[in-house]
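Shown next: work16.csv, containing CSV, C-alpha atoms and all ligand atoms.
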chain,number,residue,atom,x,y,z
A,1,MET,CA,228.0,-101.6,135.3
A,2,ALA,CA,229.7,-100.5,138.5
A,3,VAL,CA,229.9,-96.8,139.2
A,4,PRO,CA,233.3,-95.8,140.8
A,5,LYS,CA,232.5,-94.9,144.5
A,6,ASP,CA,235.2,-92.2,145.2
A,7,CYS,CA,235.4,-90.8,141.7
A,8,PRO,CA,232.5,-88.5,141.0
A,9,ALA,CA,231.2,-88.4,137.4
A,10,PRO,CA,232.1,-85.3,135.3
A,11,ASP,CA,229.2,-82.8,135.0
A,12,VAL,CA,228.2,-83.2,131.4
A,13,VAL,CA,226.4,-80.2,129.9
A,14,ARG,CA,225.5,-81.5,126.5
A,15,SER,CA,226.5,-83.5,123.4
A,16,ALA,CA,228.9,-81.1,121.8
A,17,TYR,CA,230.5,-82.5,118.5
A,18,ALA,CA,231.0,-85.6,116.5
A,19,GLN,CA,234.3,-86.1,114.6
A,20,LEU,CA,233.8,-88.3,111.5
A,21,ALA,CA,236.6,-89.8,109.5
A,22,VAL,CA,235.7,-89.5,105.8
A,23,THR,CA,237.3,-90.9,102.7
A,24,ASP,CA,236.7,-88.0,100.3
A,25,LEU,CA,236.7,-84.6,102.0
A,26,ALA,CA,235.5,-82.8,98.9
A,27,ALA,CA,232.5,-85.1,98.5
A,28,SER,CA,231.8,-84.7,102.2
A,29,ARG,CA,232.0,-80.9,101.8
A,30,TRP,CA,229.4,-81.1,99.1
A,31,PHE,CA,227.0,-83.1,101.3
A,32,TRP,CA,227.5,-81.3,104.7
A,33,VAL,CA,228.2,-77.7,103.6
A,34,ASP,CA,226.7,-77.2,100.1
A,35,MET,CA,223.6,-79.4,100.6
A,36,LEU,CA,222.9,-79.2,104.3
A,37,GLY,CA,224.2,-75.7,104.9
A,38,PHE,CA,226.6,-76.2,107.8
A,39,HIS,CA,228.9,-73.2,108.2
A,40,VAL,CA,232.6,-73.7,107.7
A,41,GLN,CA,234.3,-72.3,110.8
A,42,CYS,CA,237.8,-73.6,110.0
A,43,GLU,CA,239.2,-75.5,107.0
A,44,THR,CA,242.6,-77.2,106.9
A,45,LYS,CA,244.0,-79.4,104.1
A,46,ASP,CA,242.6,-82.5,105.9
A,47,ALA,CA,239.7,-81.4,108.0
A,48,LEU,CA,236.6,-79.3,108.0
A,49,HIS,CA,235.2,-77.7,111.3
A,50,LEU,CA,231.5,-77.0,110.9
A,51,ARG,CA,228.6,-75.6,112.9
A,52,GLY,CA,225.0,-74.7,112.8
A,53,THR,CA,223.5,-71.2,112.8
A,54,ASP,CA,222.7,-71.2,116.5
A,55,GLU,CA,226.0,-72.5,117.7
A,56,LEU,CA,228.4,-70.0,119.5
A,57,THR,CA,231.3,-72.4,119.8
A,58,HIS,CA,233.9,-73.4,117.2
A,59,HIS,CA,232.2,-76.5,115.8
A,60,SER,CA,229.7,-79.3,116.3
A,61,LEU,CA,230.9,-81.5,113.5
A,62,VAL,CA,234.4,-82.2,112.3
A,63,LEU,CA,235.1,-84.1,109.1
A,64,ARG,CA,238.6,-85.5,108.9
A,65,GLN,CA,240.2,-87.1,105.7
A,66,ASN,CA,241.0,-90.7,106.4
A,67,ASP,CA,241.5,-93.9,104.5
A,68,VAL,CA,238.6,-95.6,106.4
A,69,ALA,CA,235.2,-94.1,107.0
A,70,ALA,CA,234.4,-94.3,110.7
A,71,LEU,CA,233.6,-92.4,113.9
A,72,ASP,CA,236.7,-90.8,115.3
A,73,HIS,CA,234.9,-89.8,118.5
A,74,ILE,CA,231.8,-88.3,120.0
A,75,SER,CA,232.4,-85.4,122.4
A,76,TYR,CA,230.6,-84.0,125.4
A,77,ARG,CA,231.1,-80.5,126.8
A,78,VAL,CA,231.5,-80.4,130.6
A,79,ARG,CA,230.6,-77.6,133.0
A,80,THR,CA,234.0,-76.7,134.5
A,81,PRO,CA,237.7,-77.1,133.7
A,82,GLU,CA,237.9,-79.4,136.8
A,83,ASP,CA,235.3,-81.8,135.2
A,84,VAL,CA,237.8,-82.6,132.5
A,85,GLU,CA,240.1,-84.2,135.1
A,86,ARG,CA,237.1,-85.7,136.9
A,87,ALA,CA,236.3,-87.5,133.6
A,88,ALA,CA,239.9,-88.8,133.4
A,89,ARG,CA,239.6,-90.2,137.0
A,90,TYR,CA,236.1,-91.6,136.5
A,91,PHE,CA,236.9,-93.6,133.4
A,92,ASP,CA,240.3,-94.6,134.8
A,93,ALA,CA,238.5,-96.0,137.8
A,94,LEU,CA,236.2,-97.9,135.4
A,95,GLY,CA,239.3,-99.5,133.9
A,96,CYS,CA,238.8,-97.8,130.5
A,97,PRO,CA,241.7,-96.6,128.2
A,98,VAL,CA,242.1,-92.8,129.1
A,99,ARG,CA,244.2,-90.3,127.2
A,100,ARG,CA,244.8,-86.6,128.1
A,101,VAL,CA,244.9,-84.4,125.0
A,102,PRO,CA,246.4,-81.0,125.8
A,103,ALA,CA,245.0,-77.9,124.0
A,104,GLY,CA,246.5,-77.7,120.5
A,105,LYS,CA,247.3,-81.4,120.3
A,106,GLY,CA,243.8,-82.5,119.5
A,107,THR,CA,240.9,-81.1,117.6
A,108,ASN,CA,241.2,-77.5,116.3
A,109,GLY,CA,239.5,-75.0,118.6
A,110,VAL,CA,239.2,-77.3,121.6
A,111,GLY,CA,241.2,-76.8,124.8
A,112,ASP,CA,242.5,-79.4,127.2
A,113,ALA,CA,240.5,-82.6,126.7
A,114,VAL,CA,240.3,-86.2,127.8
A,115,ARG,CA,239.6,-89.0,125.4
A,116,VAL,CA,238.4,-92.5,126.6
A,117,VAL,CA,237.1,-95.7,125.2
A,118,ASP,CA,234.0,-96.0,127.3
A,119,PRO,CA,232.7,-99.4,128.7
A,120,LEU,CA,230.5,-99.7,125.6
A,121,GLY,CA,233.5,-99.5,123.3
A,122,PHE,CA,232.9,-96.0,122.1
A,123,PRO,CA,235.6,-93.3,121.6
A,124,VAL,CA,234.4,-90.4,123.7
A,125,GLU,CA,236.0,-87.0,124.4
A,126,PHE,CA,235.2,-84.6,127.4
A,127,PHE,CA,236.3,-81.0,127.2
A,128,TYR,CA,235.4,-77.6,128.7
A,129,GLU,CA,237.5,-74.9,126.7
A,130,ILE,CA,236.4,-74.3,123.1
A,131,GLU,CA,236.9,-71.2,120.9
A,132,ARG,CA,233.9,-68.9,120.7
A,133,ALA,CA,232.4,-68.2,117.3
A,134,GLU,CA,230.4,-65.4,115.7
A,135,ARG,CA,226.6,-65.4,116.4
A,136,LEU,CA,224.9,-66.4,113.1
A,137,ILE,CA,221.3,-66.8,114.5
A,138,GLN,CA,220.2,-63.7,112.7
A,139,ARG,CA,222.6,-63.8,109.8
A,140,TYR,CA,219.7,-64.9,107.6
A,141,ASP,CA,221.8,-64.0,104.5
A,142,LEU,CA,224.0,-67.0,105.5
A,143,HIS,CA,221.3,-69.5,106.3
A,144,ARG,CA,221.4,-72.1,103.4
A,145,GLY,CA,220.3,-75.6,102.5
A,146,ALA,CA,218.6,-77.4,105.4
A,147,GLN,CA,219.4,-74.3,107.6
A,148,ILE,CA,220.9,-76.5,110.4
A,149,ALA,CA,220.6,-74.8,113.8
A,150,ARG,CA,222.7,-77.0,116.0
A,151,LEU,CA,223.8,-80.5,116.9
A,152,ASP,CA,221.1,-82.2,118.9
A,153,HIS,CA,222.2,-85.8,119.7
A,154,PHE,CA,224.2,-89.0,119.0
A,155,ASN,CA,222.5,-92.3,118.4
A,156,ILE,CA,224.8,-95.3,119.0
A,157,CYS,CA,224.4,-99.0,118.2
A,158,THR,CA,225.2,-101.3,121.0
A,159,PRO,CA,224.4,-105.0,121.7
A,160,ASP,CA,223.6,-104.4,125.4
A,161,ILE,CA,221.0,-101.7,125.9
A,162,PRO,CA,220.6,-102.2,129.6
A,163,ALA,CA,224.4,-101.8,130.0
A,164,ALA,CA,224.3,-98.6,128.0
A,165,TYR,CA,221.4,-97.3,130.1
A,166,GLU,CA,223.3,-98.0,133.3
A,167,HIS,CA,226.5,-96.4,132.1
A,168,TYR,CA,224.8,-93.2,131.1
A,169,ARG,CA,222.7,-93.2,134.3
A,170,GLY,CA,226.1,-93.3,136.1
A,171,LEU,CA,227.0,-90.2,134.2
A,172,GLY,CA,223.9,-88.5,135.5
A,173,PHE,CA,221.8,-88.6,132.3
A,174,GLY,CA,218.0,-88.6,132.6
A,175,CYS,CA,215.9,-91.0,130.6
A,176,SER,CA,213.1,-89.3,128.5
A,177,GLU,CA,211.7,-92.3,126.6
A,178,THR,CA,212.2,-96.0,126.1
A,179,ILE,CA,211.0,-98.9,123.9
A,180,GLU,CA,210.2,-101.9,126.0
A,181,GLY,CA,208.9,-105.5,125.6
A,182,ASP,CA,205.8,-106.9,127.3
A,183,GLU,CA,208.1,-107.9,130.3
A,184,HIS,CA,209.8,-104.5,130.2
A,185,GLU,CA,212.9,-105.8,128.3
A,186,LEU,CA,214.7,-102.7,127.2
A,187,TYR,CA,215.1,-102.4,123.4
A,188,ALA,CA,216.0,-98.7,123.1
A,189,ALA,CA,216.4,-95.6,125.4
A,190,TRP,CA,216.7,-91.8,124.9
A,191,MET,CA,218.9,-90.0,127.5
A,192,PHE,CA,219.6,-86.4,128.2
A,193,ARG,CA,221.7,-83.8,130.1
A,194,LYS,CA,220.5,-80.7,128.2
A,195,GLN,CA,216.7,-80.2,128.8
A,196,THR,CA,215.4,-81.8,125.6
A,197,VAL,CA,214.6,-85.4,124.7
A,198,HIS,CA,218.2,-86.7,124.3
A,199,ASP,CA,221.9,-86.1,123.9
A,200,VAL,CA,222.4,-89.8,123.3
A,201,ALA,CA,220.2,-92.7,122.3
A,202,PHE,CA,220.8,-96.4,122.0
A,203,THR,CA,219.7,-98.6,119.1
A,204,GLY,CA,220.0,-102.3,119.7
A,205,GLY,CA,222.4,-103.9,117.2
A,206,ALA,CA,225.9,-105.0,116.6
A,207,GLY,CA,228.3,-102.5,118.2
A,208,PRO,CA,230.1,-100.4,119.0
A,209,GLN,CA,228.9,-98.5,115.9
A,210,LEU,CA,227.6,-94.9,115.4
A,211,HIS,CA,224.0,-95.1,114.2
A,212,HIS,CA,223.6,-91.4,113.5
A,213,VAL,CA,224.2,-87.8,114.3
A,214,GLY,CA,221.0,-85.9,115.0
A,215,VAL,CA,221.0,-82.2,114.0
A,216,ALA,CA,218.2,-79.8,114.7
A,217,THR,CA,216.4,-77.3,112.6
A,218,HIS,CA,213.9,-74.8,114.0
A,219,GLU,CA,210.9,-75.8,111.9
A,220,SER,CA,209.5,-78.8,110.1
A,221,HIS,CA,209.4,-77.0,106.7
A,222,GLN,CA,213.2,-77.1,106.8
A,223,VAL,CA,213.1,-80.9,107.1
A,224,LEU,CA,210.8,-81.0,104.1
A,225,ARG,CA,213.0,-78.6,102.2
A,226,THR,CA,216.0,-80.9,102.9
A,227,ALA,CA,214.3,-83.7,101.1
A,228,ASP,CA,213.2,-81.4,98.3
A,229,ILE,CA,216.7,-80.1,97.7
A,230,PHE,CA,218.1,-83.7,97.4
A,231,GLY,CA,215.3,-84.6,95.0
A,232,ALA,CA,215.8,-81.4,93.0
A,233,LEU,CA,219.5,-82.3,92.4
A,234,HIS,CA,218.7,-86.0,91.6
A,235,ALA,CA,220.5,-86.9,94.8
A,236,GLU,CA,217.4,-88.6,96.2
A,237,HIS,CA,219.4,-91.8,96.8
A,238,HIS,CA,220.9,-90.0,99.8
A,239,ILE,CA,217.5,-89.9,101.5
A,240,GLU,CA,217.1,-93.1,103.6
A,241,ARG,CA,214.1,-92.7,105.8
A,242,GLY,CA,211.2,-90.2,106.1
A,243,PRO,CA,210.3,-87.4,106.2
A,244,GLY,CA,207.9,-88.4,109.0
A,245,ARG,CA,206.8,-87.9,112.5
A,246,HIS,CA,208.5,-89.9,115.3
A,247,GLY,CA,206.5,-91.5,118.0
A,248,VAL,CA,209.4,-91.4,120.4
A,249,SER,CA,210.4,-87.7,120.9
A,250,ASN,CA,207.5,-86.5,118.7
A,251,ALA,CA,210.1,-84.9,116.5
A,252,PHE,CA,209.6,-84.4,112.7
A,253,TYR,CA,212.5,-86.0,110.9
A,254,VAL,CA,214.3,-87.2,107.8
A,255,TYR,CA,217.4,-89.4,107.6
A,256,LEU,CA,220.1,-89.1,105.0
A,257,ARG,CA,223.3,-91.0,104.3
A,258,ASP,CA,226.4,-89.0,103.4
A,259,PRO,CA,228.9,-90.1,100.6
A,260,ASP,CA,230.6,-92.5,103.1
A,261,GLY,CA,227.3,-93.9,104.4
A,262,HIS,CA,227.4,-91.9,107.7
A,263,ARG,CA,223.8,-91.4,108.7
A,264,VAL,CA,222.5,-87.9,109.7
A,265,GLU,CA,219.0,-87.1,111.0
A,266,ILE,CA,217.5,-83.7,110.4
A,267,TYR,CA,215.3,-83.3,113.4
A,268,THR,CA,212.9,-80.7,114.8
A,269,SER,CA,210.1,-80.1,117.4
A,270,ASP,CA,210.9,-82.4,120.3
A,271,TYR,CA,210.1,-81.2,123.9
A,272,TYR,CA,211.3,-79.9,127.2
A,273,THR,CA,212.6,-82.4,129.8
A,274,GLY,CA,214.1,-80.2,132.5
A,275,ASP,CA,211.9,-80.7,135.6
A,276,PRO,CA,213.5,-82.7,138.4
A,277,ASP,CA,210.6,-85.2,138.4
A,278,HIS,CA,210.4,-85.6,134.7
A,279,GLU,CA,208.9,-89.0,134.0
A,280,THR,CA,210.1,-91.5,131.4
A,281,TYR,CA,207.6,-92.2,128.6
A,282,ARG,CA,207.6,-95.9,127.8
A,283,TRP,CA,206.6,-97.3,124.4
A,284,ASN,CA,205.7,-101.0,123.8
A,285,VAL,CA,207.9,-102.6,121.1
A,286,HIS,CA,204.6,-103.8,119.4
A,287,ASP,CA,203.2,-100.3,119.1
A,288,ASP,CA,203.4,-99.5,115.4
A,289,ARG,CA,203.6,-95.8,116.1
A,290,ARG,CA,206.7,-95.8,118.3
A,291,ARG,CA,209.3,-95.2,115.5
A,292,ASP,CA,206.9,-93.5,113.0
A,293,PHE,CA,203.8,-92.0,114.5
A,294,TRP,CA,201.9,-92.6,111.3
A,295,GLY,CA,202.8,-96.3,111.3
A,296,ASN,CA,205.1,-96.1,108.3
A,297,ALA,CA,207.5,-99.1,108.1
A,298,VAL,CA,211.2,-98.5,109.0
A,299,ILE,CA,213.5,-99.5,106.1
A,300,GLU,CA,215.7,-102.4,107.1
A,301,SER,CA,219.0,-100.5,106.4
A,302,TRP,CA,218.0,-98.2,109.2
A,303,TYR,CA,218.3,-101.1,111.7
A,304,LYS,CA,221.1,-102.9,110.1
A,305,GLU,CA,223.7,-100.4,108.8
A,306,ALA,CA,225.9,-98.1,110.8
A,307,SER,CA,229.4,-96.6,111.0
A,308,PRO,CA,232.3,-98.4,112.6
A,309,VAL,CA,234.3,-96.6,115.4
A,310,LEU,CA,238.0,-96.1,115.9
A,311,ASP,CA,240.0,-96.6,119.0
A,312,LEU,CA,242.3,-93.9,120.5
A,313,ASP,CA,245.0,-94.8,118.0
A,314,GLY,CA,242.6,-94.6,114.9
A,315,VAL,CA,242.2,-98.4,114.6
A,316,PRO,CA,238.7,-99.6,113.6
A,317,GLN,CA,237.2,-101.6,116.5
A,318,PRO,CA,235.6,-105.0,116.2
A,319,ILE,CA,231.9,-105.2,116.6
A,320,SER,CA,230.0,-107.8,118.7
A,321,ALA,CA,226.6,-109.4,117.8
A,322,THR,CA,223.4,-108.2,119.2
A,323,ILE,CA,222.0,-109.6,122.5
A,324,LEU,CA,218.4,-108.5,122.0
A,325,ASP,CA,217.0,-106.1,119.4
A,326,GLU,CA,213.6,-105.3,117.9
A,327,SER,CA,214.1,-107.7,114.9
A,328,ALA,CA,214.0,-110.5,117.5
A,329,VAL,CA,210.3,-109.8,118.0
A,330,LYS,CA,207.4,-109.2,115.5
A,331,VAL,CA,207.3,-105.4,115.3
A,332,GLY,CA,204.4,-104.8,113.0
A,333,ALA,CA,204.9,-101.6,110.9
A,334,ASP,CA,208.6,-102.2,110.7
A,335,GLY,CA,207.9,-105.3,108.7
A,336,LEU,CA,210.6,-107.1,110.7
A,337,GLY,CA,210.3,-110.5,112.5
B,401,LIG,O1,212.5,-93.8,115.4
B,401,LIG,S1,212.2,-93.3,116.8
B,401,LIG,O2,210.9,-92.7,117.0
B,401,LIG,O3,212.5,-94.3,117.8
B,401,LIG,C1,213.4,-92.0,117.0
B,401,LIG,C2,213.1,-91.0,117.9
B,401,LIG,C3,214.1,-90.0,118.1
B,401,LIG,C4,215.3,-90.0,117.3
B,401,LIG,O4,216.2,-89.0,117.4
B,401,LIG,C5,215.5,-91.0,116.5
B,401,LIG,O5,216.7,-91.0,115.8
B,401,LIG,C6,214.6,-92.1,116.3
B,402,FE,FE,217.9,-89.4,116.2

Turn this file's structure into structure tokens for me.
Amino acid sequence: MAVPKDCPAPDVVRSAYAQLAVTDLAASRWFWVDMLGFHVQCETKDALHLRGTDELTHHSLVLRQNDVAALDHISYRVRTPEDVERAARYFDALGCPVRRVPAGKGTNGVGDAVRVVDPLGFPVEFFYEIERAERLIQRYDLHRGAQIARLDHFNICTPDIPAAYEHYRGLGFGCSETIEGDEHELYAAWMFRKQTVHDVAFTGGAGPQLHHVGVATHESHQVLRTADIFGALHAEHHIERGPGRHGVSNAFYVYLRDPDGHRVEIYTSDYYTGDPDHETYRWNVHDDRRRDFWGNAVIESWYKEASPVLDLDGVPQPISATILDESAVKVGADGLG
């Protein structure tokens, strides 16, 4: 994937928010607010703007009423207002669809933004300005459900993992971990701008599709509590995978599916990646501990199901078949192959 020579990449600070199109806003409110404990920063007749207890900006998740369940866009915050225009020029030079979204014309609370369909087919927004929000870190009286602290990452399904890796390297992302074959074929990668394991990760599969949104809690007992709450309310069918310990990232996790099937990971206890010479940790695809450190199998829906994505006009995008994914090789504990 070529990197434009005379168009510097925008300086991405972090994964900032995901905007999900949902078919029943009330049912989604039950899942994301009542059960998971996201805080409602702003509610309109057709959208909810939510955030975690540690987040000081307007939102990290937007749920928008729509006739189709899909990803509206993922969004990265950039370091300066000038980086918003840099993003427009960079993606324009890549030949991608680019749309400038002035403050007030896009997502509530967000200032001037640029939305693109990136070379992998994903709708992605870059912004700098966003409304500030009240500090809730020590409002323990308001911490409920899973006690979500903040958005941590996006995981995207794409048929060409090496192309995804090259695209995000071009945006200046580091690579913390990979899953590779015996000849170093790339099956998955975790990439970062903030100094943790990832802001974005790639799962081999038909794409472009959103695999999941990863949200962080402070401690593993909150991951366990999430599973207990869903069990207590006989909503256990929303639990898809885990709780467990990841090999990659070392995080403690549980995956849930929301009423539309959007996947969310409750995730905690990964690690620091901020040194300039941070080295990528490489897992072999045949290592049964890579996805679950205790060797537990990964349910097939986790590999095969994901959310479609919309283009800049809200039209669902076609998905292309996989070039190479883990199910193409015997992967032991996953029970695939
Ligand atoms: O299942 S993996 O250990 O590969 C994994 C690691 C980190 C994640 O955020 C994830 O979703 C999945
Ligand atoms: Fe994840």

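Of the listed residues (A:Arg257, A:His246, A:Arg282, A:Arg289), A:His246 comes nearest to ligand LIG 401 (chain B); the distances count all atoms listed in the file.
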
Could you give me, as a compact mmCIF listing (two decimals) with C-alpha atoms, in the frame of the given file, the residues within 7 Å of stretch 123-130 of chain A, counting all atoms listed in the file and dropping anything in the same chain fewer than 2 positions from it?
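Produced file around_7.txt, reproduced below:
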# COMPACT_ATOMS: atom_id res chain seq x y z
CA THR A 57 231.30 -72.40 119.80
CA HIS A 58 233.90 -73.40 117.20
CA ASP A 72 236.70 -90.80 115.30
CA HIS A 73 234.90 -89.80 118.50
CA ILE A 74 231.80 -88.30 120.00
CA SER A 75 232.40 -85.40 122.40
CA TYR A 76 230.60 -84.00 125.40
CA ARG A 77 231.10 -80.50 126.80
CA VAL A 78 231.50 -80.40 130.60
CA ARG A 79 230.60 -77.60 133.00
CA THR A 80 234.00 -76.70 134.50
CA PRO A 81 237.70 -77.10 133.70
CA VAL A 84 237.80 -82.60 132.50
CA ALA A 87 236.30 -87.50 133.60
CA GLY A 109 239.50 -75.00 118.60
CA VAL A 110 239.20 -77.30 121.60
CA GLY A 111 241.20 -76.80 124.80
CA ASP A 112 242.50 -79.40 127.20
CA ALA A 113 240.50 -82.60 126.70
CA VAL A 114 240.30 -86.20 127.80
CA ARG A 115 239.60 -89.00 125.40
CA VAL A 116 238.40 -92.50 126.60
CA VAL A 117 237.10 -95.70 125.20
CA ASP A 118 234.00 -96.00 127.30
CA GLY A 121 233.50 -99.50 123.30
CA ARG A 132 233.90 -68.90 120.70
CA LEU A 310 238.00 -96.10 115.90
CA ASP A 311 240.00 -96.60 119.00
CA LEU A 312 242.30 -93.90 120.50

- request: Show which residues sit within 10 Å of A:Lys45, as JSON, numbers by chain. Count only C-alpha atoms, and ignore same-chain residues fewer than 3 positions away.
  value: {"A": [25, 48, 64, 65]}

- request: Check which residues fall inside 6 Å of ligand FE 402 (chain B) when counting only C-alpha atoms and all ligand atoms, and print them as a ChimeraX atom specification.
  value: /A:155,214,265

field: A:Leu56, A:Glu85, A:Arg150, A:Glu43 ranked by distance to A:Pro8, top pick (using all atoms listed in the file)
entry: A:Glu85

- request: Throw together the list of residues within 10 Å of ligand LIG 401 (chain B), counting only C-alpha atoms and all ligand atoms, and drop it here as a count of residues only.
  value: 51

- request: Considering only C-alpha atoms, return as number ranges by chain whatever protein or nucleic-acid residues lie within 9 Å of A:Val68, sequence-local ones (same chain, fewer than 6 positions apart) excluded.
  value: A: 21-23, 316

Can you write out the residues you just picked, keeping C-alpha atoms, as a CSV table (one decimal), in the frame of the given file?
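The result, written out as out-v7.csv:
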chain,number,residue,atom,x,y,z
A,21,ALA,CA,236.6,-89.8,109.5
A,22,VAL,CA,235.7,-89.5,105.8
A,23,THR,CA,237.3,-90.9,102.7
A,316,PRO,CA,238.7,-99.6,113.6

- prompt: Any idea what the distance is between atom CA of A:Tyr271 and atom CA of A:Thr196?
  reply: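 Rounded to one decimal, the two atoms are 5.6 Å apart.
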
- request: Enter the distance from atom CA of A:Pro259 to atom CA of A:Val33, in Å, rounded to one decimal.
  value: 12.8 Å

- prompt: Which is closest to A:Leu186 among A:Pro4, A:Gly95, A:Pro162, A:Pro208, if we use only C-alpha atoms?
  reply: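 Closest candidate: A:Pro162.
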
field: Neighbour list for stretch 167-173 of chain A as a list in words, cut-off 8 Å, only C-alpha atoms, skip fewer than 3 positions in-chain
entry: Met1, Val3, Ala9, Pro10, Asp11, Val12, Pro119, Ala163, Ala164, Met191, Phe192 and Arg193 of chain A

task: Measuring atom to atom with all atoms listed in the file, identify which of A:Gln19, A:Gln209, A:Thr226, A:Gln317 is nearest to A:Leu256.
output: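 Of A:Gln19, A:Gln209, A:Thr226, A:Gln317, the one nearest A:Leu256, counting all atoms listed in the file, is A:Thr226.
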
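Separating atom CA of A:Val309 from atom CA of A:Leu63 is a distance of 14.0 Å.
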
message: Could you check the closest approach to A:Ser220 for each of A:Thr273, A:Thr158, A:Ser320, A:Gln147 and tell me which residue wins, using only C-alpha atoms?
response: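 Ranking A:Thr273, A:Thr158, A:Ser320, A:Gln147 by distance to A:Ser220, first place goes to A:Gln147.
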
Can you give me all heavy atoms for stretch 268-274 of chain A, written as a PDB file, keeping the file's coordinate frame?
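Generated output (part.pdb):
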ATOM      1  N   THR A 268     213.426 -81.956 114.263  1.00  0.00           N
ATOM      2  CA  THR A 268     212.900 -80.700 114.800  1.00  0.00           C
ATOM      3  C   THR A 268     211.658 -80.987 115.680  1.00  0.00           C
ATOM      4  O   THR A 268     211.003 -82.013 115.510  1.00  0.00           O
ATOM      5  CB  THR A 268     212.550 -79.692 113.718  1.00  0.00           C
ATOM      6  OG1 THR A 268     212.323 -78.413 114.310  1.00  0.00           O
ATOM      7  CG2 THR A 268     211.330 -80.124 112.920  1.00  0.00           C
ATOM      8  N   SER A 269     211.379 -80.061 116.635  1.00  0.00           N
ATOM      9  CA  SER A 269     210.100 -80.100 117.400  1.00  0.00           C
ATOM     10  C   SER A 269     209.998 -81.233 118.380  1.00  0.00           C
ATOM     11  O   SER A 269     208.954 -81.904 118.431  1.00  0.00           O
ATOM     12  CB  SER A 269     208.911 -80.107 116.446  1.00  0.00           C
ATOM     13  OG  SER A 269     209.100 -79.204 115.403  1.00  0.00           O
ATOM     14  N   ASP A 270     211.069 -81.475 119.190  1.00  0.00           N
ATOM     15  CA  ASP A 270     210.900 -82.400 120.300  1.00  0.00           C
ATOM     16  C   ASP A 270     210.375 -81.533 121.491  1.00  0.00           C
ATOM     17  O   ASP A 270     209.704 -80.514 121.262  1.00  0.00           O
ATOM     18  CB  ASP A 270     212.064 -83.273 120.611  1.00  0.00           C
ATOM     19  CG  ASP A 270     213.304 -82.523 121.075  1.00  0.00           C
ATOM     20  OD1 ASP A 270     213.278 -81.282 121.070  1.00  0.00           O
ATOM     21  OD2 ASP A 270     214.291 -83.175 121.442  1.00  0.00           O
ATOM     22  N   TYR A 271     210.736 -81.923 122.755  1.00  0.00           N
ATOM     23  CA  TYR A 271     210.100 -81.200 123.900  1.00  0.00           C
ATOM     24  C   TYR A 271     211.008 -81.052 125.058  1.00  0.00           C
ATOM     25  O   TYR A 271     212.066 -81.663 125.137  1.00  0.00           O
ATOM     26  CB  TYR A 271     208.787 -81.945 124.259  1.00  0.00           C
ATOM     27  CG  TYR A 271     208.999 -83.397 124.654  1.00  0.00           C
ATOM     28  CD1 TYR A 271     209.389 -83.759 125.941  1.00  0.00           C
ATOM     29  CD2 TYR A 271     208.820 -84.426 123.710  1.00  0.00           C
ATOM     30  CE1 TYR A 271     209.591 -85.074 126.302  1.00  0.00           C
ATOM     31  CE2 TYR A 271     209.017 -85.748 124.060  1.00  0.00           C
ATOM     32  CZ  TYR A 271     209.388 -86.075 125.353  1.00  0.00           C
ATOM     33  OH  TYR A 271     209.579 -87.392 125.688  1.00  0.00           O
ATOM     34  N   TYR A 272     210.560 -80.249 126.022  1.00  0.00           N
ATOM     35  CA  TYR A 272     211.300 -79.900 127.200  1.00  0.00           C
ATOM     36  C   TYR A 272     211.291 -81.075 128.233  1.00  0.00           C
ATOM     37  O   TYR A 272     210.256 -81.732 128.429  1.00  0.00           O
ATOM     38  CB  TYR A 272     210.636 -78.693 127.895  1.00  0.00           C
ATOM     39  CG  TYR A 272     211.080 -78.370 129.314  1.00  0.00           C
ATOM     40  CD1 TYR A 272     212.319 -77.795 129.577  1.00  0.00           C
ATOM     41  CD2 TYR A 272     210.244 -78.654 130.408  1.00  0.00           C
ATOM     42  CE1 TYR A 272     212.715 -77.471 130.872  1.00  0.00           C
ATOM     43  CE2 TYR A 272     210.645 -78.348 131.707  1.00  0.00           C
ATOM     44  CZ  TYR A 272     211.881 -77.762 131.937  1.00  0.00           C
ATOM     45  OH  TYR A 272     212.272 -77.469 133.226  1.00  0.00           O
ATOM     46  N   THR A 273     212.472 -81.321 128.882  1.00  0.00           N
ATOM     47  CA  THR A 273     212.600 -82.400 129.800  1.00  0.00           C
ATOM     48  C   THR A 273     213.236 -81.993 131.139  1.00  0.00           C
ATOM     49  O   THR A 273     213.748 -82.824 131.882  1.00  0.00           O
ATOM     50  CB  THR A 273     213.420 -83.570 129.241  1.00  0.00           C
ATOM     51  OG1 THR A 273     214.731 -83.014 128.943  1.00  0.00           O
ATOM     52  CG2 THR A 273     212.804 -84.152 127.975  1.00  0.00           C
ATOM     53  N   GLY A 274     213.210 -80.689 131.453  1.00  0.00           N
ATOM     54  CA  GLY A 274     214.100 -80.200 132.500  1.00  0.00           C
ATOM     55  C   GLY A 274     213.603 -80.221 133.939  1.00  0.00           C
ATOM     56  O   GLY A 274     214.360 -79.909 134.851  1.00  0.00           O
TER      57      GLY A 274
END
